[in-house]
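One file, input_32.cif, carrying mmCIF, C-alpha atoms:
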data_final
#
loop_
_atom_site.group_PDB
_atom_site.id
_atom_site.type_symbol
_atom_site.label_atom_id
_atom_site.label_comp_id
_atom_site.auth_asym_id
_atom_site.auth_seq_id
_atom_site.Cartn_x
_atom_site.Cartn_y
_atom_site.Cartn_z
ATOM 1 C CA ASN A 1 0.000 0.000 0.000
ATOM 2 C CA ALA A 2 1.203 3.473 -0.847
ATOM 3 C CA GLY A 3 -0.846 4.898 2.036
ATOM 4 C CA VAL A 4 -1.828 8.549 1.665
ATOM 5 C CA THR A 5 -0.330 10.284 -1.352
ATOM 6 C CA GLN A 6 -0.313 14.050 -1.741
ATOM 7 C CA THR A 7 0.701 16.060 -4.777
ATOM 8 C CA PRO A 8 2.384 18.388 -5.393
ATOM 9 C CA LYS A 9 5.028 18.565 -2.652
ATOM 10 C CA PHE A 10 5.710 22.240 -3.266
ATOM 11 C CA GLN A 11 3.728 24.963 -4.975
ATOM 12 C CA VAL A 12 4.102 28.704 -5.433
ATOM 13 C CA LEU A 13 1.044 30.690 -6.438
ATOM 14 C CA LYS A 14 0.334 34.312 -7.096
ATOM 15 C CA THR A 15 -2.497 36.030 -5.303
ATOM 16 C CA GLY A 16 -5.779 35.306 -7.046
ATOM 17 C CA GLN A 17 -4.683 32.103 -8.735
ATOM 18 C CA SER A 18 -6.565 28.882 -8.156
ATOM 19 C CA MET A 19 -5.239 25.380 -7.798
ATOM 20 C CA THR A 20 -6.090 21.919 -6.557
ATOM 21 C CA LEU A 21 -4.115 19.919 -4.030
ATOM 22 C CA GLN A 22 -4.501 16.232 -4.680
ATOM 23 C CA CYS A 23 -4.897 13.540 -2.044
ATOM 24 C CA ALA A 24 -5.385 9.842 -2.649
ATOM 25 C CA GLN A 25 -5.397 6.839 -0.342
ATOM 26 C CA ASP A 26 -5.402 3.151 -1.195
ATOM 27 C CA MET A 27 -6.454 1.752 2.186
ATOM 28 C CA ASN A 28 -10.220 1.915 1.579
ATOM 29 C CA HIS A 29 -10.551 4.438 4.390
ATOM 30 C CA GLU A 30 -13.930 6.053 4.775
ATOM 31 C CA TYR A 31 -12.729 9.146 6.602
ATOM 32 C CA MET A 32 -10.510 11.738 4.937
ATOM 33 C CA SER A 33 -9.549 15.212 6.026
ATOM 34 C CA TRP A 34 -7.416 18.230 5.207
ATOM 35 C CA TYR A 35 -5.388 20.190 7.737
ATOM 36 C CA ARG A 36 -3.163 23.193 7.483
ATOM 37 C CA GLN A 37 -0.153 23.571 9.730
ATOM 38 C CA ASP A 38 1.144 26.978 10.697
ATOM 39 C CA PRO A 39 3.804 27.948 13.257
ATOM 40 C CA GLY A 40 2.271 28.415 16.679
ATOM 41 C CA MET A 41 -1.163 27.351 15.453
ATOM 42 C CA GLY A 42 -0.782 23.610 15.323
ATOM 43 C CA LEU A 43 -2.945 21.621 12.949
ATOM 44 C CA ARG A 44 -6.232 23.180 11.941
ATOM 45 C CA LEU A 45 -8.969 21.233 10.247
ATOM 46 C CA ILE A 46 -10.133 22.681 6.937
ATOM 47 C CA HIS A 47 -12.632 20.139 5.596
ATOM 48 C CA TYR A 48 -13.377 16.509 6.170
ATOM 49 C CA SER A 49 -15.398 13.680 4.689
ATOM 50 C CA VAL A 50 -16.884 10.595 6.322
ATOM 51 C CA GLY A 51 -17.478 8.838 3.015
ATOM 52 C CA ALA A 52 -17.931 9.253 -0.718
ATOM 53 C CA GLY A 53 -20.395 12.002 -1.498
ATOM 54 C CA ILE A 54 -20.259 13.472 2.020
ATOM 55 C CA THR A 55 -18.173 16.474 3.043
ATOM 56 C CA ASP A 56 -18.316 18.928 5.896
ATOM 57 C CA GLN A 57 -16.537 22.024 7.105
ATOM 58 C CA GLY A 58 -13.813 22.057 9.688
ATOM 59 C CA GLU A 59 -12.428 24.954 11.699
ATOM 60 C CA VAL A 60 -11.025 27.064 8.860
ATOM 61 C CA PRO A 61 -13.005 26.283 5.682
ATOM 62 C CA ASN A 62 -13.142 29.732 4.093
ATOM 63 C CA GLY A 63 -11.348 29.962 0.758
ATOM 64 C CA TYR A 64 -11.288 26.201 0.254
ATOM 65 C CA ASN A 65 -13.568 23.718 -1.451
ATOM 66 C CA VAL A 66 -13.547 19.932 -1.379
ATOM 67 C CA SER A 67 -15.373 17.090 -3.055
ATOM 68 C CA ARG A 68 -15.444 13.339 -2.482
ATOM 69 C CA SER A 69 -16.629 11.624 -5.620
ATOM 70 C CA THR A 70 -14.734 8.406 -4.826
ATOM 71 C CA THR A 71 -13.560 6.728 -1.644
ATOM 72 C CA GLU A 72 -9.936 7.076 -2.735
ATOM 73 C CA ASP A 73 -9.671 10.760 -3.635
ATOM 74 C CA PHE A 74 -10.236 13.947 -1.670
ATOM 75 C CA PRO A 75 -8.934 17.007 -3.539
ATOM 76 C CA LEU A 76 -8.678 20.422 -1.910
ATOM 77 C CA ARG A 77 -9.332 23.443 -4.115
ATOM 78 C CA LEU A 78 -8.105 26.946 -3.441
ATOM 79 C CA LEU A 79 -10.530 29.198 -5.228
ATOM 80 C CA SER A 80 -8.555 32.446 -5.219
ATOM 81 C CA ALA A 81 -5.256 32.133 -3.411
ATOM 82 C CA ALA A 82 -4.324 34.675 -0.757
ATOM 83 C CA PRO A 83 -1.034 35.176 1.136
ATOM 84 C CA SER A 84 -2.852 34.064 4.307
ATOM 85 C CA GLN A 85 -3.124 30.621 2.740
ATOM 86 C CA THR A 86 0.636 30.186 2.748
ATOM 87 C CA SER A 87 1.003 27.054 4.836
ATOM 88 C CA VAL A 88 1.820 23.373 4.880
ATOM 89 C CA TYR A 89 -1.192 21.261 4.013
ATOM 90 C CA PHE A 90 -1.676 17.706 5.205
ATOM 91 C CA CYS A 91 -4.215 15.192 4.040
ATOM 92 C CA ALA A 92 -5.142 12.370 6.394
ATOM 93 C CA SER A 93 -7.392 9.341 6.365
ATOM 94 C CA ARG A 94 -8.635 6.700 8.752
ATOM 95 C CA LEU A 95 -11.010 3.785 8.861
ATOM 96 C CA GLY A 96 -14.686 4.519 9.392
ATOM 97 C CA MET A 97 -16.016 6.556 12.263
ATOM 98 C CA ASP A 98 -17.850 3.670 13.870
ATOM 99 C CA ALA A 99 -17.702 4.008 17.634
ATOM 100 C CA THR A 100 -16.090 0.600 17.953
ATOM 101 C CA TYR A 101 -13.046 1.641 15.996
ATOM 102 C CA ASN A 102 -9.916 3.010 17.593
ATOM 103 C CA SER A 103 -8.010 3.568 14.401
ATOM 104 C CA PRO A 104 -5.416 6.319 13.995
ATOM 105 C CA LEU A 105 -5.123 8.885 11.263
ATOM 106 C CA HIS A 106 -2.690 8.188 8.421
ATOM 107 C CA PHE A 107 -1.078 11.316 7.048
ATOM 108 C CA GLY A 108 0.356 12.261 3.692
ATOM 109 C CA ASN A 109 3.764 13.889 3.309
ATOM 110 C CA GLY A 110 2.324 17.360 3.022
ATOM 111 C CA THR A 111 2.217 20.128 0.439
ATOM 112 C CA ARG A 112 4.182 23.285 1.116
ATOM 113 C CA LEU A 113 2.271 26.163 -0.456
ATOM 114 C CA THR A 114 3.508 29.731 -0.820
ATOM 115 C CA VAL A 115 1.228 32.477 -2.046
ATOM 116 C CA THR A 116 2.966 35.686 -3.118
ATOM 117 C CA ALA B 1 -16.796 21.494 21.803
ATOM 118 C CA GLN B 2 -14.785 18.509 22.870
ATOM 119 C CA ARG B 3 -11.131 19.408 22.835
ATOM 120 C CA VAL B 4 -7.636 18.601 23.910
ATOM 121 C CA THR B 5 -5.316 21.092 25.562
ATOM 122 C CA GLN B 6 -1.543 20.966 25.379
ATOM 123 C CA PRO B 7 -0.370 23.825 27.596
ATOM 124 C CA GLU B 8 3.320 24.139 26.702
ATOM 125 C CA LYS B 9 4.136 25.040 23.149
ATOM 126 C CA LEU B 10 7.906 24.635 23.471
ATOM 127 C CA LEU B 11 9.712 22.296 25.794
ATOM 128 C CA SER B 12 13.498 22.216 25.993
ATOM 129 C CA VAL B 13 15.161 19.410 27.907
ATOM 130 C CA PHE B 14 18.689 18.125 28.236
ATOM 131 C CA LYS B 15 19.607 14.735 26.875
ATOM 132 C CA GLY B 16 19.010 12.130 29.548
ATOM 133 C CA ALA B 17 16.458 14.228 31.425
ATOM 134 C CA PRO B 18 12.827 13.141 31.769
ATOM 135 C CA VAL B 19 10.232 14.463 29.372
ATOM 136 C CA GLU B 20 6.545 14.948 30.122
ATOM 137 C CA LEU B 21 4.085 16.431 27.675
ATOM 138 C CA LYS B 22 0.730 17.279 29.146
ATOM 139 C CA CYS B 23 -2.552 16.644 27.428
ATOM 140 C CA ASN B 24 -5.945 17.266 28.963
ATOM 141 C CA TYR B 25 -9.165 16.521 27.193
ATOM 142 C CA SER B 26 -12.769 17.459 27.588
ATOM 143 C CA TYR B 27 -14.997 14.688 26.394
ATOM 144 C CA SER B 28 -18.233 13.301 27.698
ATOM 145 C CA GLY B 29 -17.951 9.812 26.253
ATOM 146 C CA SER B 30 -15.241 7.177 26.106
ATOM 147 C CA PRO B 31 -12.247 8.879 24.581
ATOM 148 C CA GLU B 32 -10.121 7.590 21.751
ATOM 149 C CA LEU B 33 -6.762 9.203 22.374
ATOM 150 C CA PHE B 34 -3.501 9.088 20.484
ATOM 151 C CA TRP B 35 -0.152 10.792 20.465
ATOM 152 C CA TYR B 36 1.318 11.655 17.079
ATOM 153 C CA VAL B 37 4.879 12.737 16.368
ATOM 154 C CA GLN B 38 6.243 14.827 13.515
ATOM 155 C CA TYR B 39 9.994 14.833 12.955
ATOM 156 C CA SER B 40 11.527 17.712 11.068
ATOM 157 C CA ARG B 41 9.842 18.193 7.678
ATOM 158 C CA GLN B 42 8.199 14.776 7.786
ATOM 159 C CA ARG B 43 4.638 13.587 7.920
ATOM 160 C CA LEU B 44 2.836 13.078 11.202
ATOM 161 C CA GLN B 45 2.902 9.501 12.360
ATOM 162 C CA LEU B 46 1.263 7.602 15.139
ATOM 163 C CA LEU B 47 3.339 7.303 18.292
ATOM 164 C CA LEU B 48 0.970 5.803 20.842
ATOM 165 C CA ARG B 49 -2.680 4.941 21.224
ATOM 166 C CA HIS B 50 -4.243 4.761 24.674
ATOM 167 C CA ILE B 51 -6.057 1.518 24.068
ATOM 168 C CA SER B 52 -2.903 -0.496 23.467
ATOM 169 C CA ARG B 53 -1.027 0.565 26.625
ATOM 170 C CA GLU B 54 2.265 0.084 24.838
ATOM 171 C CA SER B 55 5.658 1.734 25.088
ATOM 172 C CA ILE B 56 7.051 3.084 21.837
ATOM 173 C CA LYS B 57 10.572 4.521 21.591
ATOM 174 C CA GLY B 58 10.587 4.652 25.384
ATOM 175 C CA PHE B 59 7.438 6.777 25.551
ATOM 176 C CA THR B 60 4.374 5.850 27.570
ATOM 177 C CA ALA B 61 1.045 7.552 28.080
ATOM 178 C CA ASP B 62 -1.559 6.722 30.659
ATOM 179 C CA LEU B 63 -5.180 7.655 30.365
ATOM 180 C CA ASN B 64 -6.432 9.163 33.616
ATOM 181 C CA LYS B 65 -10.169 9.521 33.364
ATOM 182 C CA GLY B 66 -10.438 11.186 36.768
ATOM 183 C CA GLU B 67 -8.092 13.979 35.692
ATOM 184 C CA THR B 68 -9.158 13.742 32.015
ATOM 185 C CA SER B 69 -5.507 13.580 31.056
ATOM 186 C CA PHE B 70 -3.324 11.593 28.679
ATOM 187 C CA HIS B 71 0.180 12.821 29.453
ATOM 188 C CA LEU B 72 3.141 11.540 27.427
ATOM 189 C CA LYS B 73 6.262 10.580 29.347
ATOM 190 C CA LYS B 74 9.767 9.367 28.711
ATOM 191 C CA PRO B 75 12.283 8.878 31.517
ATOM 192 C CA PHE B 76 15.427 9.716 29.525
ATOM 193 C CA ALA B 77 15.217 12.045 26.528
ATOM 194 C CA GLN B 78 17.332 11.354 23.449
ATOM 195 C CA GLU B 79 18.360 13.808 20.752
ATOM 196 C CA GLU B 80 16.229 11.958 18.213
ATOM 197 C CA ASP B 81 13.169 12.803 20.313
ATOM 198 C CA SER B 82 13.336 16.401 19.098
ATOM 199 C CA ALA B 83 10.060 16.796 17.206
ATOM 200 C CA MET B 84 6.527 18.148 17.295
ATOM 201 C CA TYR B 85 4.088 16.132 19.359
ATOM 202 C CA TYR B 86 0.322 16.259 19.030
ATOM 203 C CA CYS B 87 -2.173 14.803 21.434
ATOM 204 C CA ALA B 88 -4.927 13.677 19.174
ATOM 205 C CA PRO B 89 -8.482 14.440 19.846
ATOM 206 C CA PRO B 90 -11.440 12.463 20.867
ATOM 207 C CA ARG B 91 -13.952 12.244 18.110
ATOM 208 C CA GLU B 92 -16.580 14.952 18.343
ATOM 209 C CA GLY B 93 -20.243 14.188 17.866
ATOM 210 C CA ASN B 94 -20.097 15.552 14.339
ATOM 211 C CA ASN B 95 -17.034 13.427 13.503
ATOM 212 C CA ARG B 96 -14.660 16.368 13.454
ATOM 213 C CA LEU B 97 -11.113 15.438 14.428
ATOM 214 C CA ALA B 98 -9.639 18.756 15.457
ATOM 215 C CA PHE B 99 -6.117 18.928 16.878
ATOM 216 C CA GLY B 100 -4.534 21.255 19.372
ATOM 217 C CA LYS B 101 -1.477 23.424 18.948
ATOM 218 C CA GLY B 102 1.029 20.683 19.686
ATOM 219 C CA ASN B 103 4.284 20.653 21.644
ATOM 220 C CA GLN B 104 7.671 21.396 20.144
ATOM 221 C CA VAL B 105 10.289 19.351 21.997
ATOM 222 C CA VAL B 106 13.944 20.270 21.707
ATOM 223 C CA VAL B 107 16.462 17.919 23.274
ATOM 224 C CA ILE B 108 19.727 19.675 24.071
ATOM 225 C CA PRO B 109 22.834 17.496 23.698
#

Can you turn what I pasted into structure tokens?
Amino acid sequence: NAGVTQTPKFQVLKTGQSMTLQCAQDMNHEYMSWYRQDPGMGLRLIHYSVGAGITDQGEVPNGYNVSRSTTEDFPLRLLSAAPSQTSVYFCASRLGMDATYNSPLHFGNGTRLTVT
Amino acid sequence: AQRVTQPEKLLSVFKGAPVELKCNYSYSGSPELFWYVQYSRQRLQLLLRHISRESIKGFTADLNKGETSFHLKKPFAQEEDSAMYYCAPPREGNNRLAFGKGNQVVVIP
């Protein structure tokens, strides 16, 4: 298993540009999520999905869109990039959210995004 | 909201000294708690889960329901322990898995 794969690893955007960060997992995980990591702020949840066709907002959803058309893929779209979106983005997945599970999150390697 | 709190952002310890990272949670149900570690410029990875009661890389964490805590401990810090540590959240009723600010640990040689 490749686990959680994120692309690209690095990206530089100009203010106002749009782009999509890709995330794919091959573990048949129902739950997928996007976080951004900023110094002193820890990990903040952007959007998450509990299964194909279902998405919901996290703590900092503004400026980002997601979709979950398949179990494997959970892309994150920046609609109009702003310097405040300069960050490291992590995608993560885990088995279903059934209360009997105690499964950890599996993280991708991250995407380092700079918006100028 | 159900949350975890990690009070110290930065913890500097000398090699060989004990390390304790505090994590307190607020959760009304049975918590699922984990510690994750992130070494420099790497992905986050699971360090410990409370249900397994294991010791990984010399670290242990005990769930104390009375104090609603899940502190991470290691008796003798090593340089390779320098990393970011996140106490991972109990699952909220709406399935949000929101993290705290984490602890930066620096082990001084």

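Distances from B:Val4, B:Cys23, B:Ile51, B:Val106 to chain A were compared using only C-alpha atoms, and the smallest one belongs to B:Ile51.
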
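With the cut-off set to 8 Å and all atoms listed in the file counted, chain B residues close to chain A are Lys9, Glu32, Phe34, Gln42, Arg43, Leu44, Gln45, Leu46, Arg49, Ile51, Asn95, Arg96, Leu97, Ala98, Phe99, Gly100, Lys101 and Gly102 of chain B.
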
I need the output of the PyMOL selection byres ((chain B and resi 65) around 10) for this file as a ChimeraX atom specification; which residues are they?
/B:24-25,27,30-31,62-64,66-70

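CA of Lys22 (chain B) lies 11.7 Å from CA of Leu10 (chain B).
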
Contacts of Lys57 (chain B) at 10 Å (all atoms listed in the file; same-chain gap of 5+ positions) as a compact mmCIF listing (two decimals) with C-alpha atoms, in the frame of the given file:
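After the write, around_11.txt holds the following:
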# COMPACT_ATOMS: atom_id res chain seq x y z
CA LEU B 47 3.34 7.30 18.29
CA LEU B 48 0.97 5.80 20.84
CA LYS B 74 9.77 9.37 28.71
CA GLN B 78 17.33 11.35 23.45
CA GLU B 80 16.23 11.96 18.21
CA ASP B 81 13.17 12.80 20.31

Would you compute an axis-aligned box for region 80-95 of chain A, covering every atom listed for it in the file with 8 Å of margin on each side, and report centre and edge lengths in Å to one decimal as lines of an AutoDock Vina configuration file?
center_x = -4.6
center_y = 19.5
center_z = 1.8
size_x = 28.8
size_y = 47.4
size_z = 30.1

Please return, as a VMD selection string, all polymer residues that have at least one atom within 12 Å of the point (-8.7, -2.9, 0.3); use all atoms listed in the file and the file's own coordinate frame.
chain A and resid 1 to 3 25 to 30 71 to 72 95

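Between CA of Gln104 (chain B) and CA of Ser12 (chain B) there is a distance of 8.3 Å.
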
Please list as an NGL selection string every residue within 10 Å of Arg77 (chain A), counting only C-alpha atoms and excluding residues in the same chain fewer than 3 positions away.
:A and (18-22 or 63-67 or 74 or 80-81)

Please evaluate the PyMOL selection byres ((chain A and resi 11-15) around 6) against the displayed coordinates and give the resulting residues as a ChimeraX atom specification.
/A:10,16-17,81-82,113-116

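The gap separating CA of Trp35 (chain B) from CA of Ile54 (chain A) is 27.4 Å, in Å to one decimal.
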
With a distance cut-off of 7 Å and only C-alpha atoms, select the neighbouring residues of Ala52 (chain A), excluding the residue or stretch itself and same-chain residues fewer than 5 positions from it, and output the selection as a PyMOL selection string.
chain A and resi 68-71

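When the distance limit is 10 Å and all atoms listed in the file are what count, the residues near Pro109 (chain B), minus those fewer than 5 positions from it on the same chain, are Val13, Phe14, Lys15, Gly16, Ala77, Gln78 and Glu79 of chain B.
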